[in-house]
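**Q** This is the structure I want to talk about, given as structure tokens.
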Amino acid sequence: PSGIENITFAYKGRLLLKIECSTISGHVGAQHILSNAIEKSFELWIKLKSVCEQHYKSPLGVFYSLTPTLIDIRSRRTMWGIPDVCTLKIDLRLPPTVKCDKGVGIVKETIEDFRRENLQSSIVINLKIIDRVEPYVAKKDSLVIKSLVKSILEETGRSARLIRKTGTGDMNIFGMHFNIPVATYGPGDSHLSHAPNEHIEISDYLKSIEIYKKTVERIIRYHLERR
């Protein structure tokens, strides 16, 4: 959803990371001389979050900042003692200035720094990239966006607003793969995406259909007139 009068022209990229931290287990009573995999994993997470906030937080706002989110943490005890394996899943959203390779490099460098700081704990850290999507910014003067702008004005009587979103969408993959003009448009409040009360107004839904129809007609007319 972008909202009935909004057009999304830019999305952040995404790295979905799986980080596994392993330590040496032992009796819980010996916790003062052993490294707890859960605690070490959380220390690593705090370090990565700190790196993003200190070095990749933009004064221009969240869209232009590197933003990590811890979405899953699981541990196990192989010997029924101190937890010796802990796995983190981290969703890292990338601004246009940080491509996937650079994002992976930042994470790897952070992990290596953490290893050097914890040489005495015998910690083993494995990184796996589960998914990667490059950030994408569409051209605001493309035929698709200009056609949407005119159709929104005609149908609603109000000027369209071009917006950037801090999530990641199909537009990232589609636009980059096919190298064609793209935009994301649809009714609904994007602040409610994936929320329990996510919904759209039926009137906005029906109005958006008319906007789509007018947009497609404009694009077809443009190409027919150029023949």
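Letters A, B, ... mark the chains of the structure tokens in the order given; residue numbers begin at 1 per chain; ligand numbers begin at 1, in order shown.
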When you look at Pro83 (chain A) with a cut-off of 8 Å (counting only C-alpha atoms), what residues show up, excluding the ones that are within fewer than 4 positions of it in the same chain? I need them as a list in words.

**A**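 Returned residues: Thr23, Ser25, Asn36, Ala37, Ile38, Ser75, Arg76, Arg77 and Thr78 of chain A.
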
**Q** For the residues in that selection, give me C-alpha atoms as a PDB file, in the first residue's frame.

**A**
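New file result.pdb:
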ATOM      1  CA  THR A  23      31.288 -21.634  22.324  1.00  0.00           C
ATOM      2  CA  SER A  25      29.905 -25.868  26.906  1.00  0.00           C
ATOM      3  CA  ASN A  36      27.644 -18.316  27.162  1.00  0.00           C
ATOM      4  CA  ALA A  37      26.739 -18.482  23.460  1.00  0.00           C
ATOM      5  CA  ILE A  38      23.506 -16.573  24.041  1.00  0.00           C
ATOM      6  CA  SER A  75      19.933 -21.399  21.270  1.00  0.00           C
ATOM      7  CA  ARG A  76      20.682 -24.944  22.275  1.00  0.00           C
ATOM      8  CA  ARG A  77      22.843 -26.815  24.765  1.00  0.00           C
ATOM      9  CA  THR A  78      24.609 -29.797  23.231  1.00  0.00           C
TER      10      THR A  78
END

**Q** Pick out each residue of region 1-215 of chain A that DSSP on the backbone tags as strand (DSSP E); I need them as number ranges by chain.

**A** A: 6-11, 13-22, 67-76, 85-94, 124-133, 136-137, 161-165

**Q** List the neighbours of Asn172 (chain A) out to 7 Å using only C-alpha atoms; skip same-chain residues closer than 4 positions along the sequence, and give me the result as a PDB file with N, CA and C atoms, in the first residue's frame.

**A**
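This went into out.pdb:
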ATOM      1  N   TYR A  11      12.603   2.182  -2.780  1.00  0.00           N
ATOM      2  CA  TYR A  11      12.592   1.232  -1.669  1.00  0.00           C
ATOM      3  C   TYR A  11      14.029   0.980  -1.203  1.00  0.00           C
ATOM      4  N   GLU A 134      18.812  -5.664  -3.751  1.00  0.00           N
ATOM      5  CA  GLU A 134      19.456  -4.355  -3.860  1.00  0.00           C
ATOM      6  C   GLU A 134      18.440  -3.223  -3.638  1.00  0.00           C
ATOM      7  N   PRO A 135      18.896  -2.092  -3.078  1.00  0.00           N
ATOM      8  CA  PRO A 135      18.016  -0.915  -2.985  1.00  0.00           C
ATOM      9  C   PRO A 135      17.668  -0.427  -4.384  1.00  0.00           C
ATOM     10  N   TYR A 136      16.529   0.248  -4.500  1.00  0.00           N
ATOM     11  CA  TYR A 136      16.100   0.673  -5.839  1.00  0.00           C
ATOM     12  C   TYR A 136      15.413   2.039  -5.785  1.00  0.00           C
ATOM     13  N   MET A 176      15.035  -3.670 -11.545  1.00  0.00           N
ATOM     14  CA  MET A 176      16.464  -3.866 -11.787  1.00  0.00           C
ATOM     15  C   MET A 176      16.710  -4.969 -12.818  1.00  0.00           C
TER      16      MET A 176
END

**Q** Looking at A:Asn197, A:Ser159, A:Asn179, A:Gln120, which one is nearest to Lys146 (chain A), with distances taken over only C-alpha atoms?

**A** A:Ser159

**Q** Using only C-alpha atoms for the distances, tell me which of A:Leu153, A:Ile73, A:Val62, A:Ile173 is nearest to Ser208 (chain A).

**A**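 Looking at the shortest contact to Ser208 (chain A), the residue is A:Leu153.
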
**Q** Between A:Cys21, A:Ile145, A:Ile106, A:Leu206, which residue has the minimum interatomic distance to Ile163 (chain A), considering only C-alpha atoms?

**A** A:Ile145
